[in-house]
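Structure first, then comments.
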Amino acid sequence: MATRLIYFAWVRERIGTSEEDVELPDGIETVGDLLRWLKSRGEGYEQALQYPDVIRVAINQEHVDHGEKISGAREIALFPPMTGG
Amino acid sequence: MTGAVVPFVRIQAQDFDVAAEIARLTQGRADIGAVVTFSGLCRDEAGSLSALELEHYPGMAEAEIARIATEAIERWPLQGLTAIHRHGKIAPGENIVLVVAASAHRHAAFEAANFLMDYLKSRAPFWKKEHRIDGSEGGWVDANEADAKAAQRWKPLE
C-alpha cells in the first residue's frame, strides 16, 4: 500500500516536491526508520533531513514523536519547527 | 461548566474584523463579563521586510488549532473562543492572527487567550518566510526557543 508523504517549508524546498506517494520497504516501522530511509534517497533528501532531530512529523494530521509506529498511516507530513502566530 | 462551548476556528487568506469577531461571541447575550482579544501583526523589521509569506498545512492547521482551543475550553469556564489565522502573503502592519476569549470574569479570558497563543505558536502547522524590501528572499523564520518554552509553563490537564 502506498503512503502519501507531504513536505512543508524548507523541507519541501530542499526535497524539491510538496508531496509524493511511496511504497515503504520492509523494516520501516517507526517515524525514525522512515527519516533514515528517506535521507538515503538522494541529495535533496540528504539536505532536508541532515539533522533529523529537528524534523517534526504528523501522521494523519496529528503530531507524533519519532518513536511512533507508522503502520496504517495514510498521510505522513514532515516539516520544520512551526513559526505561526 | 460550559462544556457546550464550541470554538470558532478559521484559517483564511483574507483579513478579519476584530469588532465583528467580538460581536460574534457577545451578540444577543448578557452573561459575558469579559472579552480578551489578541491580535498578532506583521512587523516591518526596521524597514527591511516587504512581506511575510505564511505557508500552512491545510486540514491539519484547522484541526490542531481546534484541538488547542478545545483544551482551553476544558481548562477555563469560557463562554466563547475564537481563533483566526491567516495564510498567504501578509504585508507589514497587516493582521496575522486573532484570538478572542469570552468569559464571565476576566481571569479565565486572559488565561485562555494566553494559553491558546502559546500553543498555537509551537503546535499549529504554519511557517513564515520573509520577503525583503530589496527584493531578496529573506529565508524561513527560525523557531523561537522562548515560544517553545512558553508553552511548557502550562501544566498538563489531569
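Please note that chains go A, B, ... in the order of the C-alpha cells, that every chain numbers its residues from 1, and that ligands are numbered from 1 in the order shown.
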Near chain B, meaning an atom within 12 Å, which residues of chain A appear when counting only C-alpha atoms? Write them as a PyMOL selection string.
chain A and resi 6-13+18-19+54-64+75-85
Using DSSP assignments from the backbone, pull out every residue in region 17-112 of chain B that falls under strand (DSSP E or B) and give it to me as a PyMOL selection string.
chain B and resi 34-41+49-56+78-86+88-90+95-103
Same residues, N, CA and C atoms, output as a compact mmCIF listing (two decimals), in the first residue's frame:
```txt
# COMPACT_ATOMS: atom_id res chain seq x y z
N ALA B 34 -16.45 39.51 30.33
CA ALA B 34 -15.08 39.81 29.94
C ALA B 34 -14.80 39.27 28.55
N VAL B 35 -14.20 40.11 27.72
CA VAL B 35 -13.73 39.67 26.41
C VAL B 35 -12.28 40.10 26.27
N VAL B 36 -11.40 39.14 26.03
CA VAL B 36 -9.99 39.45 25.78
C VAL B 36 -9.71 39.14 24.32
N THR B 37 -9.08 40.10 23.62
CA THR B 37 -8.66 39.82 22.24
C THR B 37 -7.15 39.96 22.15
N PHE B 38 -6.55 39.10 21.35
CA PHE B 38 -5.14 39.24 21.00
C PHE B 38 -5.06 39.28 19.48
N SER B 39 -4.37 40.29 18.95
CA SER B 39 -4.09 40.34 17.51
C SER B 39 -2.59 40.26 17.31
N GLY B 40 -2.15 39.41 16.41
CA GLY B 40 -0.74 39.35 16.02
C GLY B 40 -0.61 40.02 14.65
N LEU B 41 0.35 40.96 14.54
CA LEU B 41 0.51 41.72 13.29
C LEU B 41 1.89 41.46 12.70
N LEU B 49 11.63 44.54 5.80
CA LEU B 49 10.74 43.46 5.35
C LEU B 49 9.63 44.00 4.46
N SER B 50 9.40 43.36 3.31
CA SER B 50 8.29 43.80 2.45
C SER B 50 7.05 42.96 2.67
N ALA B 51 7.22 41.71 3.09
CA ALA B 51 6.07 40.84 3.37
C ALA B 51 6.52 39.58 4.09
N LEU B 52 5.58 38.99 4.78
CA LEU B 52 5.76 37.63 5.30
C LEU B 52 4.87 36.73 4.46
N GLU B 53 5.38 35.55 4.12
CA GLU B 53 4.56 34.59 3.42
C GLU B 53 4.30 33.44 4.38
N LEU B 54 3.03 33.19 4.64
CA LEU B 54 2.69 32.13 5.60
C LEU B 54 2.20 30.89 4.89
N GLU B 55 2.99 29.82 5.01
CA GLU B 55 2.61 28.52 4.47
C GLU B 55 1.90 27.75 5.59
N HIS B 56 0.91 26.95 5.23
CA HIS B 56 0.25 26.14 6.26
C HIS B 56 -0.09 24.76 5.71
N LEU B 78 -15.25 29.24 29.90
CA LEU B 78 -15.38 30.23 28.82
C LEU B 78 -16.80 30.20 28.25
N GLN B 79 -17.21 31.36 27.72
CA GLN B 79 -18.50 31.39 27.03
C GLN B 79 -18.35 31.47 25.52
N GLY B 80 -17.12 31.67 25.09
CA GLY B 80 -16.86 31.67 23.66
C GLY B 80 -15.37 31.76 23.42
N LEU B 81 -14.90 31.17 22.31
CA LEU B 81 -13.47 31.21 21.99
C LEU B 81 -13.32 31.18 20.48
N THR B 82 -12.59 32.16 19.96
CA THR B 82 -12.39 32.28 18.51
C THR B 82 -10.90 32.31 18.21
N ALA B 83 -10.49 31.61 17.16
CA ALA B 83 -9.11 31.71 16.67
C ALA B 83 -9.15 31.79 15.15
N ILE B 84 -8.55 32.85 14.62
CA ILE B 84 -8.47 33.02 13.17
C ILE B 84 -7.01 33.21 12.80
N HIS B 85 -6.52 32.43 11.86
CA HIS B 85 -5.13 32.54 11.43
C HIS B 85 -5.10 32.73 9.92
N ARG B 86 -4.39 33.76 9.47
CA ARG B 86 -4.31 33.99 8.02
C ARG B 86 -3.15 33.23 7.41
N GLY B 88 -0.83 32.92 3.39
CA GLY B 88 -0.50 33.68 2.18
C GLY B 88 0.41 34.84 2.50
N LYS B 89 0.49 35.79 1.56
CA LYS B 89 1.41 36.92 1.72
C LYS B 89 0.77 38.02 2.55
N ILE B 90 1.48 38.46 3.58
CA ILE B 90 0.95 39.46 4.50
C ILE B 90 1.96 40.61 4.63
N ASN B 95 -2.82 42.28 9.81
CA ASN B 95 -3.10 41.24 10.80
C ASN B 95 -2.61 39.87 10.33
N ILE B 96 -2.15 39.06 11.29
CA ILE B 96 -1.81 37.66 11.01
C ILE B 96 -2.76 36.72 11.74
N VAL B 97 -2.96 37.00 13.03
CA VAL B 97 -3.71 36.05 13.86
C VAL B 97 -4.60 36.79 14.85
N LEU B 98 -5.73 36.19 15.17
CA LEU B 98 -6.66 36.77 16.15
C LEU B 98 -7.15 35.68 17.10
N VAL B 99 -7.12 36.02 18.39
CA VAL B 99 -7.76 35.17 19.40
C VAL B 99 -8.75 36.02 20.16
N VAL B 100 -9.96 35.53 20.34
CA VAL B 100 -10.96 36.22 21.16
C VAL B 100 -11.48 35.21 22.18
N ALA B 101 -11.36 35.58 23.46
CA ALA B 101 -11.85 34.70 24.53
C ALA B 101 -12.89 35.45 25.34
N ALA B 102 -14.03 34.83 25.58
CA ALA B 102 -15.11 35.46 26.33
C ALA B 102 -15.46 34.61 27.54
N SER B 103 -15.62 35.29 28.69
CA SER B 103 -15.96 34.57 29.93
C SER B 103 -16.75 35.48 30.85
```
Just list as a short mmCIF file (atom, residue, chain, number, x, y, z; two decimals) with C-alpha atoms, in the first residue's frame whatever in region 14-155 of chain B DSSP marks as alpha helix (DSSP H).
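Saved to out_39.cif:
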```cif
data_model
loop_
_atom_site.label_atom_id
_atom_site.label_comp_id
_atom_site.auth_asym_id
_atom_site.auth_seq_id
_atom_site.Cartn_x
_atom_site.Cartn_y
_atom_site.Cartn_z
CA VAL B 18 -11.87 42.41 15.24
CA ALA B 19 -15.10 44.22 16.21
CA ALA B 20 -17.20 41.80 14.15
CA GLU B 21 -15.45 38.83 15.78
CA ILE B 22 -16.15 40.21 19.28
CA ALA B 23 -19.80 40.74 18.28
CA ARG B 24 -20.00 37.14 17.02
CA LEU B 25 -19.35 35.97 20.60
CA THR B 26 -21.26 38.59 22.56
CA MET B 60 -4.20 19.92 10.00
CA ALA B 61 -3.97 23.67 10.69
CA GLU B 62 -7.71 23.82 11.42
CA ALA B 63 -7.67 20.52 13.31
CA GLU B 64 -4.69 21.41 15.50
CA ILE B 65 -5.99 24.86 16.45
CA ALA B 66 -9.39 23.30 17.21
CA ARG B 67 -7.67 20.72 19.48
CA ILE B 68 -5.82 23.51 21.37
CA ALA B 69 -8.99 25.62 21.62
CA THR B 70 -10.98 22.65 22.91
CA GLU B 71 -8.36 22.12 25.61
CA ALA B 72 -8.64 25.80 26.60
CA ILE B 73 -12.40 25.35 26.94
CA GLU B 74 -11.79 22.34 29.23
CA ARG B 75 -9.37 24.34 31.38
CA ARG B 106 -11.61 38.45 33.24
CA HIS B 107 -9.20 35.87 34.65
CA ALA B 108 -10.44 32.97 32.51
CA ALA B 109 -10.49 35.06 29.33
CA PHE B 110 -6.93 36.38 29.84
CA GLU B 111 -5.54 32.94 30.69
CA ALA B 112 -7.31 31.17 27.82
CA ALA B 113 -6.13 33.72 25.24
CA ASN B 114 -2.58 33.44 26.53
CA PHE B 115 -2.67 29.63 26.53
CA LEU B 116 -4.11 29.48 23.04
CA MET B 117 -1.40 31.75 21.64
CA ASP B 118 1.42 29.86 23.41
CA TYR B 119 0.28 26.54 21.99
CA LEU B 120 -0.64 27.92 18.59
CA LYS B 121 2.93 29.25 18.19
CA SER B 122 4.58 25.90 18.83
CA ARG B 123 1.96 23.41 17.55
CA GLU B 145 13.16 28.90 21.73
CA ALA B 146 11.22 31.25 24.03
CA ASP B 147 7.96 30.35 22.26
CA ALA B 148 8.62 26.65 22.79
CA LYS B 149 9.36 27.28 26.50
CA ALA B 150 6.25 29.46 26.88
CA ALA B 151 4.02 26.52 26.00
CA GLN B 152 5.73 24.34 28.63
#
```
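You can rank A:Arg14, A:Arg41, A:Arg4, A:Arg36 by their closest distance to Gly72 (chain A) using only C-alpha atoms, and at the top of that list sits A:Arg4.
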Residues within 9 Å of Tyr45 (chain A), please, as a ChimeraX atom specification. Count only C-alpha atoms; anything in the same chain fewer than 4 positions from it doesn't count.
/A:11,14-16,38-41,49-50
Selected residues written out, C-alpha atoms, as a PDB file, in the first residue's frame:
```pdb
ATOM      1  CA  VAL A  11      11.827  20.537   3.994  1.00  0.00           C
ATOM      2  CA  ARG A  14      15.155  21.017  -0.183  1.00  0.00           C
ATOM      3  CA  ILE A  15      13.458  17.772  -1.224  1.00  0.00           C
ATOM      4  CA  GLY A  16      12.079  19.558  -4.283  1.00  0.00           C
ATOM      5  CA  LEU A  38      14.289   8.902   3.174  1.00  0.00           C
ATOM      6  CA  LYS A  39      17.628  10.543   3.884  1.00  0.00           C
ATOM      7  CA  SER A  40      19.338   7.933   1.703  1.00  0.00           C
ATOM      8  CA  ARG A  41      17.136   8.633  -1.327  1.00  0.00           C
ATOM      9  CA  LEU A  49      16.987  15.569   6.700  1.00  0.00           C
ATOM     10  CA  GLN A  50      20.603  16.282   7.630  1.00  0.00           C
TER      11      GLN A  50
END
```
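Computed from the coordinates, the CA of Gly33 (chain B) to CA of Trp76 (chain B) distance equals 14.3 Å.
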Looking at A:Asp53, A:Gly44, A:Met1, A:Pro25, which one is nearest to Gly67 (chain A), with distances taken over only C-alpha atoms?
A:Asp53
